[in-house]
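Coordinates from query39.cif are shown below (mmCIF, C-alpha atoms).
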data_structure
loop_
_atom_site.label_atom_id
_atom_site.label_comp_id
_atom_site.auth_asym_id
_atom_site.auth_seq_id
_atom_site.Cartn_x
_atom_site.Cartn_y
_atom_site.Cartn_z
CA MET A 19 98.82 85.74 101.71
CA LEU A 20 99.24 88.36 99.02
CA LEU A 21 100.06 91.96 99.91
CA ALA A 22 98.67 94.52 97.44
CA ILE A 23 99.74 98.17 97.66
CA ASN A 24 98.14 101.06 95.77
CA ALA A 25 100.24 104.20 96.32
CA GLN A 26 98.48 107.47 95.47
CA ASN A 27 99.40 111.11 96.06
CA THR A 28 97.31 111.35 99.25
CA PHE A 29 96.97 107.81 100.60
CA ILE A 30 98.68 104.44 100.31
CA THR A 31 96.05 101.70 100.41
CA ILE A 32 97.18 98.26 101.54
CA GLY A 33 95.20 95.07 101.09
CA CYS A 34 95.82 91.48 102.15
CA PHE A 35 94.37 88.61 100.09
CA ARG A 36 94.02 85.01 101.17
CA ARG A 37 93.21 82.58 98.34
CA GLY A 38 91.91 85.43 96.22
CA GLU A 39 89.65 86.92 98.92
CA LEU A 40 90.34 90.40 100.30
CA GLU A 41 90.58 90.00 104.07
CA VAL A 42 92.23 93.19 105.34
CA VAL A 43 92.34 96.78 104.06
CA THR A 44 94.17 99.66 105.67
CA ARG A 45 95.63 103.03 104.66
CA LEU A 46 98.73 105.09 105.32
CA ALA A 47 99.21 108.77 104.56
CA THR A 48 101.58 109.31 101.64
CA GLU A 49 104.85 110.77 102.91
CA PRO A 50 107.26 111.23 99.97
CA ARG A 51 110.23 111.97 102.24
CA HIS A 52 109.96 108.80 104.29
CA THR A 53 112.67 106.21 103.87
CA ALA A 54 112.20 102.53 103.07
CA ASP A 55 112.85 101.65 106.72
CA GLN A 56 110.19 104.12 107.89
CA TYR A 57 107.65 102.65 105.49
CA ALA A 58 108.60 99.13 106.54
CA CYS A 59 107.90 100.07 110.18
CA SER A 60 104.58 101.71 109.26
CA ILE A 61 103.41 98.75 107.18
CA ALA A 62 104.41 96.31 109.93
CA ASP A 63 102.51 98.39 112.51
CA VAL A 64 99.23 98.61 110.57
CA LEU A 65 99.31 94.90 109.71
CA ARG A 66 99.91 94.06 113.36
CA LEU A 67 96.94 96.29 114.23
CA HIS A 68 94.79 94.08 111.99
CA SER A 69 96.25 90.85 113.42
CA VAL A 70 98.13 89.94 110.23
CA ASP A 71 101.23 87.84 110.85
CA ARG A 72 103.81 89.16 108.41
CA ARG A 73 105.27 85.65 108.08
CA GLN A 74 102.09 84.71 106.18
CA ILE A 75 102.87 87.16 103.36
CA GLY A 76 104.25 85.13 100.45
CA GLY A 77 104.00 87.64 97.61
CA ALA A 78 103.41 91.31 96.94
CA ILE A 79 102.26 93.55 94.11
CA LEU A 80 102.73 97.31 93.92
CA CYS A 81 101.00 100.04 91.96
CA SER A 82 102.33 103.59 92.39
CA VAL A 83 101.55 106.92 90.75
CA VAL A 84 104.23 108.63 92.86
CA PRO A 85 107.49 107.86 91.02
CA ALA A 86 109.69 108.78 93.97
CA LEU A 87 107.92 106.20 96.14
CA SER A 88 108.02 103.21 93.82
CA SER A 89 111.53 102.01 94.65
CA VAL A 90 111.18 103.05 98.31
CA LEU A 91 108.04 100.95 98.82
CA ARG A 92 109.53 98.04 96.91
CA GLN A 93 112.58 98.09 99.17
CA ALA A 94 110.37 98.39 102.27
CA VAL A 95 108.33 95.34 101.28
CA GLU A 96 111.39 93.27 100.38
CA THR A 97 113.02 94.18 103.70
CA LEU A 98 109.92 93.35 105.71
CA PHE A 99 108.64 90.19 104.01
CA HIS A 100 111.62 88.80 102.06
CA CYS A 101 109.33 88.04 99.12
CA PRO A 102 109.29 88.99 95.44
CA VAL A 103 107.45 92.21 94.54
CA THR A 104 105.63 92.66 91.23
CA SER A 105 105.30 96.28 90.06
CA VAL A 106 102.55 97.25 87.63
CA SER A 107 104.69 98.73 84.86
CA ALA A 108 105.80 98.07 81.29
CA GLY A 109 106.42 94.36 80.74
CA VAL A 110 103.89 93.15 83.29
CA LYS A 111 101.04 91.08 81.88
CA THR A 112 97.64 92.66 82.51
CA GLY A 113 95.45 91.13 79.81
CA LEU A 114 94.02 94.61 79.15
CA ASN A 115 93.58 95.84 75.59
CA MET A 116 94.08 99.58 75.19
CA LYS A 117 93.17 101.71 72.20
CA ILE A 118 94.80 104.98 73.20
CA ASP A 119 97.84 107.11 72.41
CA HIS A 120 101.00 106.02 74.26
CA PRO A 121 99.61 103.12 76.36
CA HIS A 122 102.89 102.89 78.28
CA LEU A 123 102.19 106.32 79.79
CA VAL A 124 98.80 105.38 81.26
CA GLY A 125 98.78 105.52 85.06
CA SER A 126 99.20 102.11 86.62
CA ASP A 127 96.25 102.81 88.93
CA LEU A 128 93.96 103.31 85.93
CA VAL A 129 95.18 100.03 84.47
CA CYS A 130 94.33 98.20 87.71
CA LEU A 131 90.85 99.73 87.78
CA ALA A 132 90.18 98.80 84.16
CA VAL A 133 91.43 95.22 84.64
CA GLU A 134 88.99 94.65 87.51
CA ALA A 135 86.12 96.38 85.71
CA VAL A 136 86.60 94.24 82.58
CA ALA A 137 86.81 91.06 84.70
CA ARG A 138 83.33 91.78 86.08
CA GLY A 139 81.89 91.50 82.59
CA GLN A 140 79.38 94.37 82.76
CA LEU A 141 80.36 96.14 79.53
CA PRO A 142 80.59 98.85 78.41
CA CYS A 143 81.66 100.44 81.67
CA ALA A 144 83.32 103.47 83.21
CA VAL A 145 85.33 103.71 86.41
CA VAL A 146 85.24 106.98 88.35
CA ASP A 147 88.11 107.19 90.86
CA MET A 148 87.70 110.03 93.36
CA GLY A 149 91.09 110.63 94.93
CA THR A 150 93.53 113.53 94.68
CA ALA A 151 92.28 113.76 91.10
CA THR A 152 88.92 112.55 89.86
CA THR A 153 89.55 110.22 86.92
CA PHE A 154 87.16 108.65 84.43
CA THR A 155 88.31 105.46 82.71
CA ALA A 156 86.22 104.33 79.75
CA VAL A 157 85.94 100.72 78.56
CA ASP A 158 83.89 99.84 75.48
CA GLY A 159 81.61 96.87 74.90
CA ARG A 160 84.54 94.70 73.72
CA GLY A 161 86.46 95.24 76.95
CA VAL A 162 88.92 97.69 75.37
CA MET A 163 90.11 100.68 77.39
CA VAL A 164 89.41 103.54 74.99
CA GLY A 165 90.48 106.55 77.01
CA THR A 166 90.37 108.58 80.20
CA ALA A 167 89.47 112.01 81.54
CA ILE A 168 91.17 113.64 84.52
CA ALA A 169 89.76 116.47 86.66
CA PRO A 170 90.87 118.08 89.95
CA GLY A 171 89.68 116.04 92.90
CA VAL A 172 87.54 117.04 95.88
CA ARG A 173 90.49 117.78 98.15
CA LEU A 174 92.33 119.76 95.49
CA GLY A 175 89.26 121.89 94.86
CA LEU A 176 88.84 122.60 98.56
CA GLU A 177 92.52 123.46 99.04
CA ALA A 178 92.56 125.75 96.00
CA LEU A 179 89.49 127.60 97.27
CA ARG A 180 91.05 128.02 100.69
CA ALA A 181 94.41 129.16 99.28
CA GLN A 182 93.02 131.68 96.80
CA ALA A 183 90.17 133.19 98.84
CA ALA A 184 91.68 134.76 101.94
CA GLN A 185 88.39 135.35 103.80
CA LEU A 186 87.17 131.77 103.56
CA PRO A 187 87.76 129.54 106.62
CA SER A 188 89.12 126.00 106.78
CA VAL A 189 86.32 123.47 106.42
CA VAL A 190 85.84 119.82 107.33
CA LEU A 191 83.61 118.39 104.62
CA ASP A 192 80.28 116.97 105.77
CA ARG A 193 78.22 114.88 103.35
CA SER A 194 75.01 115.65 105.29
CA VAL A 195 75.32 119.32 104.33
CA PRO A 196 72.21 120.98 102.82
CA LEU A 197 72.28 122.05 99.19
CA ILE A 198 71.83 125.70 100.17
CA GLY A 199 74.08 126.56 103.09
CA LYS A 200 72.92 128.96 105.81
CA ASN A 201 76.49 129.80 106.82
CA THR A 202 79.90 129.98 105.19
CA MET A 203 81.03 126.55 106.39
CA ASP A 204 77.97 124.80 104.98
CA ALA A 205 78.15 126.87 101.80
CA ILE A 206 81.70 125.66 101.11
CA SER A 207 80.87 122.03 101.91
CA SER A 208 77.83 122.20 99.65
CA GLY A 209 79.68 123.81 96.78
CA VAL A 210 82.57 121.35 96.91
CA LEU A 211 80.55 118.13 97.42
CA TYR A 212 77.47 118.89 95.34
CA GLY A 213 79.72 120.45 92.72
CA ALA A 214 81.74 117.22 92.52
CA ALA A 215 78.53 115.16 92.38
CA CYS A 216 77.10 117.27 89.54
CA MET A 217 80.39 117.07 87.63
CA VAL A 218 80.44 113.28 87.89
CA ASP A 219 76.74 113.05 86.95
CA GLY A 220 77.37 115.20 83.90
CA MET A 221 80.39 113.22 82.77
CA ILE A 222 78.53 109.93 83.16
CA GLY A 223 75.74 111.24 80.96
CA ARG A 224 78.19 112.18 78.23
CA LEU A 225 80.05 108.88 78.55
CA ARG A 226 76.76 107.03 78.16
CA THR A 227 76.08 108.91 74.95
CA GLN A 228 79.47 107.86 73.60
CA LEU A 229 79.77 104.31 74.95
CA GLY A 230 76.15 103.11 75.05
CA GLU A 231 72.99 103.36 77.13
CA GLU A 232 73.78 100.14 79.02
CA LEU A 233 76.85 101.76 80.58
CA THR A 234 77.85 100.35 83.99
CA VAL A 235 79.57 102.87 86.27
CA TYR A 236 81.85 101.99 89.17
CA LEU A 237 82.62 104.67 91.76
CA THR A 238 85.75 104.23 93.85
CA GLY A 239 88.42 106.18 95.73
CA PRO A 240 88.70 107.89 99.14
CA TYR A 241 86.02 110.50 98.42
CA ALA A 242 83.52 108.22 96.69
CA GLY A 243 81.55 107.62 99.88
CA MET A 244 81.07 111.34 100.46
CA VAL A 245 79.78 112.02 96.95
CA ALA A 246 77.81 108.88 95.98
CA GLY A 247 74.74 109.79 98.04
CA LEU A 248 74.56 113.24 96.45
CA MET A 249 74.53 111.98 92.86
CA GLN A 250 71.53 111.47 90.59
CA GLU A 251 73.13 108.78 88.43
CA THR A 252 73.03 105.15 89.53
CA VAL A 253 76.53 103.85 90.25
CA ALA A 254 78.10 100.80 91.89
CA GLU A 255 80.21 102.03 94.79
CA GLU A 256 83.31 99.83 94.98
CA PRO A 257 85.89 101.20 97.44
CA TYR A 258 88.57 98.56 96.76
CA LEU A 259 88.38 98.17 92.99
CA ALA A 260 92.09 98.95 92.45
CA LEU A 261 93.17 96.35 95.01
CA MET A 262 91.02 93.74 93.30
CA GLY A 263 92.64 94.63 89.98
CA LEU A 264 96.08 94.30 91.53
CA GLN A 265 95.23 90.80 92.75
CA LYS A 266 94.15 89.75 89.25
CA ILE A 267 97.32 91.15 87.69
CA TRP A 268 99.43 89.29 90.25
CA GLU A 269 97.65 86.05 89.35
CA LYS A 270 98.55 86.60 85.68
CA ASN A 271 102.22 87.13 86.52
CA LYS A 272 103.02 84.83 89.42
CA LYS A 273 105.47 82.03 88.83
CA ARG A 274 103.80 78.66 89.07
#
Written as structure tokens, that's how I'd like the structure from this file.
Amino acid sequence: MLLAINAQNTFITIGCFRRGELEVVTRLATEPRHTADQYACSIADVLRLHSVDRRQIGGAILCSVVPALSSVLRQAVETLFHCPVTSVSAGVKTGLNMKIDHPHLVGSDLVCLAVEAVARGQLPCAVVDMGTATTFTAVDGRGVMVGTAIAPGVRLGLEALRAQAAQLPSVVLDRSVPLIGKNTMDAISSGVLYGAACMVDGMIGRLRTQLGEELTVYLTGPYAGMVAGLMQETVAEEPYLALMGLQKIWEKNKKR
């Protein structure tokens, strides 16, 4: 089996592939101060929870946007599985063409998303990843990644509102919230979720103008499920797009 790890600022998503098929997905909270041994224990525990025998893991690939975690997670995986770990970084073959300034500075998570989107063949396309940040990755009709846009994510917006407005309470977001709230809790949920949905709708409209009317849009990330149903644009909700991209990159780089 292949272990694929996508480390983000809020969550670490872990997937297990058998013969190219994604069989298990689980998440850990990102804890920058945890040691390699602590992460090894956490990964072993969640895999055991999903009945994955760690002896079946024969390879691993890692994508991390948290620099301090990259070496820690690599060490944790090597300690736990005694297998080689491929990191999505400079020198790794992705097959992705990029027409942007400083390609080596593009986030490895965006590369994974673009690789999977291009492989699906519905071009031009855009990938909207709703995590700590909300990112928009644009791919033209030739399969070339032509740029990105980055906005504060749903959680960041909620935390900023709570931190800067002393009278507002803590809120658990509810996607069934009405557009016009009858109380403060619903008003905050509505503003954050519908506001995110309108922002994504608006960006998609502008991307379509620039990339073409046949634009395919993939929506992914931890908050995609909360926002998708509130949007007016038609999107393909794909929660594990980055993991699928990681698997394809590993296939391009594995030693035969």
> Once the PyMOL selection byres ((chain A and resi 170-186) around 7) has been applied to the shown file, what residues remain in the selection, as a PyMOL selection string?
Replying inline: chain A and resi 148-152+169+187-188+210+214
Given the file shown, determine the residues that the PyMOL selection byres ((chain A and resi 119) around 12) selects; report them as a short mmCIF file (atom, residue, chain, number, x, y, z; two decimals) with C-alpha atoms, keeping the file's coordinate frame.
data_model
loop_
_atom_site.label_atom_id
_atom_site.label_comp_id
_atom_site.auth_asym_id
_atom_site.auth_seq_id
_atom_site.Cartn_x
_atom_site.Cartn_y
_atom_site.Cartn_z
CA MET A 116 94.08 99.58 75.19
CA LYS A 117 93.17 101.71 72.20
CA ILE A 118 94.80 104.98 73.20
CA HIS A 120 101.00 106.02 74.26
CA PRO A 121 99.61 103.12 76.36
CA HIS A 122 102.89 102.89 78.28
CA LEU A 123 102.19 106.32 79.79
CA VAL A 124 98.80 105.38 81.26
CA MET A 163 90.11 100.68 77.39
CA VAL A 164 89.41 103.54 74.99
CA GLY A 165 90.48 106.55 77.01
CA THR A 166 90.37 108.58 80.20
#
> Which polymer residues have any atom within 6 Å of an atom of region 258-267 of chain A, counting only C-alpha atoms, with same-chain residues fewer than 4 positions away left out, as a PyMOL selection string?
Replying inline: chain A and resi 112+130-131+133-134
>> For the PyMOL selection byres ((chain A and resi 83-90) around 6), applied here, can you spell out every residue it catches as an NGL selection string?
In response: :A and (26 or 54 or 82 or 91-93)
>> At a cut-off of 8 Å around the point (92.6, 98.3, 102.0) (file coordinates), what residues fall inside when counting only C-alpha atoms? I'd like the answer as an MDAnalysis selection string.
In response: chainID A and resid 31:34 42:45 258 261
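Here CA of Gln140 (chain A) is placed at a distance of 12.6 Å from CA of Leu229 (chain A).
Between CA of Leu65 (chain A) and CA of Glu269 (chain A) the separation is 22.3 Å.
From CA of Val145 (chain A) back to CA of Tyr236 (chain A), the distance works out to 4.8 Å.
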> What lies within 10 Å of Ile168 (chain A) using only C-alpha atoms, ignoring chain neighbours under 6 positions off, as an MDAnalysis selection string?
Replying inline: chainID A and resid 146:147 151:155
> Any idea what's packed within 12 Å of Ile198 (chain A), counting all atoms listed in the file, ignoring anything in its chain fewer than 2 positions away? Could you give it as JSON, numbers by chain?
Replying inline: {"A": [194, 195, 196, 200, 201, 202, 203, 204, 205, 206, 207, 208, 209, 211, 212]}
>> From the options A:Glu231, A:Asp192, A:Glu41, A:Glu251, which residue's atoms come nearest to Cys216 (chain A), counting all atoms listed in the file?
In response: A:Glu251
>> I'd like to know which of A:Val245, A:Val218, A:Gly239, A:Thr252 is closest to Phe29 (chain A), using all atoms listed in the file.
In response: A:Gly239
Output region 127-151 of chain A as a short mmCIF file (atom, residue, chain, number, x, y, z; two decimals), in the frame of the given file, making sure N, CA, C and O atoms are there.
data_model
loop_
_atom_site.label_atom_id
_atom_site.label_comp_id
_atom_site.auth_asym_id
_atom_site.auth_seq_id
_atom_site.Cartn_x
_atom_site.Cartn_y
_atom_site.Cartn_z
N ASP A 127 97.49 102.94 88.16
CA ASP A 127 96.25 102.81 88.93
C ASP A 127 95.05 102.67 88.00
O ASP A 127 94.14 101.88 88.27
N LEU A 128 95.06 103.41 86.89
CA LEU A 128 93.96 103.31 85.93
C LEU A 128 93.93 101.93 85.27
O LEU A 128 92.86 101.39 84.99
N VAL A 129 95.10 101.38 85.03
CA VAL A 129 95.18 100.03 84.47
C VAL A 129 94.55 99.02 85.43
O VAL A 129 93.76 98.16 85.02
N CYS A 130 94.89 99.12 86.71
CA CYS A 130 94.33 98.20 87.71
C CYS A 130 92.81 98.30 87.76
O CYS A 130 92.10 97.28 87.82
N LEU A 131 92.29 99.52 87.74
CA LEU A 131 90.85 99.73 87.78
C LEU A 131 90.18 99.11 86.56
O LEU A 131 89.14 98.45 86.67
N ALA A 132 90.76 99.32 85.39
CA ALA A 132 90.18 98.80 84.16
C ALA A 132 90.22 97.28 84.14
O ALA A 132 89.27 96.62 83.68
N VAL A 133 91.31 96.69 84.61
CA VAL A 133 91.43 95.22 84.64
C VAL A 133 90.31 94.62 85.48
O VAL A 133 89.64 93.65 85.07
N GLU A 134 90.05 95.18 86.65
CA GLU A 134 88.99 94.65 87.51
C GLU A 134 87.62 94.89 86.90
O GLU A 134 86.75 94.01 86.93
N ALA A 135 87.42 96.07 86.31
CA ALA A 135 86.12 96.38 85.71
C ALA A 135 85.82 95.42 84.56
O ALA A 135 84.69 94.91 84.44
N VAL A 136 86.80 95.16 83.70
CA VAL A 136 86.60 94.24 82.58
C VAL A 136 86.30 92.83 83.10
O VAL A 136 85.44 92.11 82.56
N ALA A 137 87.00 92.42 84.15
CA ALA A 137 86.81 91.06 84.70
C ALA A 137 85.38 90.85 85.20
O ALA A 137 84.89 89.71 85.22
N ARG A 138 84.70 91.92 85.57
CA ARG A 138 83.33 91.78 86.08
C ARG A 138 82.31 91.58 84.97
O ARG A 138 81.17 91.20 85.24
N GLY A 139 82.70 91.87 83.74
CA GLY A 139 81.89 91.50 82.59
C GLY A 139 80.71 92.39 82.28
O GLY A 139 79.96 92.10 81.35
N GLN A 140 80.50 93.46 83.02
CA GLN A 140 79.38 94.37 82.76
C GLN A 140 79.85 95.49 81.83
O GLN A 140 80.27 96.56 82.26
N LEU A 141 79.80 95.22 80.52
CA LEU A 141 80.36 96.14 79.53
C LEU A 141 79.25 96.70 78.64
O LEU A 141 78.24 96.05 78.41
N PRO A 142 79.47 97.94 78.15
CA PRO A 142 80.59 98.85 78.41
C PRO A 142 80.52 99.38 79.84
O PRO A 142 79.48 99.31 80.48
N CYS A 143 81.64 99.94 80.30
CA CYS A 143 81.66 100.44 81.67
C CYS A 143 82.59 101.64 81.78
O CYS A 143 83.42 101.90 80.91
N ALA A 144 82.44 102.36 82.88
CA ALA A 144 83.32 103.47 83.21
C ALA A 144 83.66 103.37 84.69
O ALA A 144 82.82 102.98 85.50
N VAL A 145 84.89 103.70 85.01
CA VAL A 145 85.33 103.71 86.41
C VAL A 145 85.65 105.15 86.79
O VAL A 145 86.48 105.80 86.15
N VAL A 146 84.99 105.63 87.83
CA VAL A 146 85.24 106.98 88.35
C VAL A 146 86.00 106.82 89.66
O VAL A 146 85.49 106.26 90.63
N ASP A 147 87.24 107.30 89.68
CA ASP A 147 88.11 107.19 90.86
C ASP A 147 88.25 108.56 91.49
O ASP A 147 88.85 109.47 90.90
N MET A 148 87.71 108.72 92.70
CA MET A 148 87.70 110.03 93.36
C MET A 148 88.77 110.08 94.43
O MET A 148 88.55 109.75 95.60
N GLY A 149 89.97 110.48 94.01
CA GLY A 149 91.09 110.63 94.93
C GLY A 149 91.61 112.05 94.85
O GLY A 149 90.84 113.02 94.82
N THR A 150 92.93 112.21 94.83
CA THR A 150 93.53 113.53 94.68
C THR A 150 93.02 114.17 93.39
O THR A 150 92.68 115.35 93.34
N ALA A 151 92.98 113.38 92.33
CA ALA A 151 92.28 113.76 91.10
C ALA A 151 91.04 112.90 90.98
O ALA A 151 90.93 111.85 91.61
#
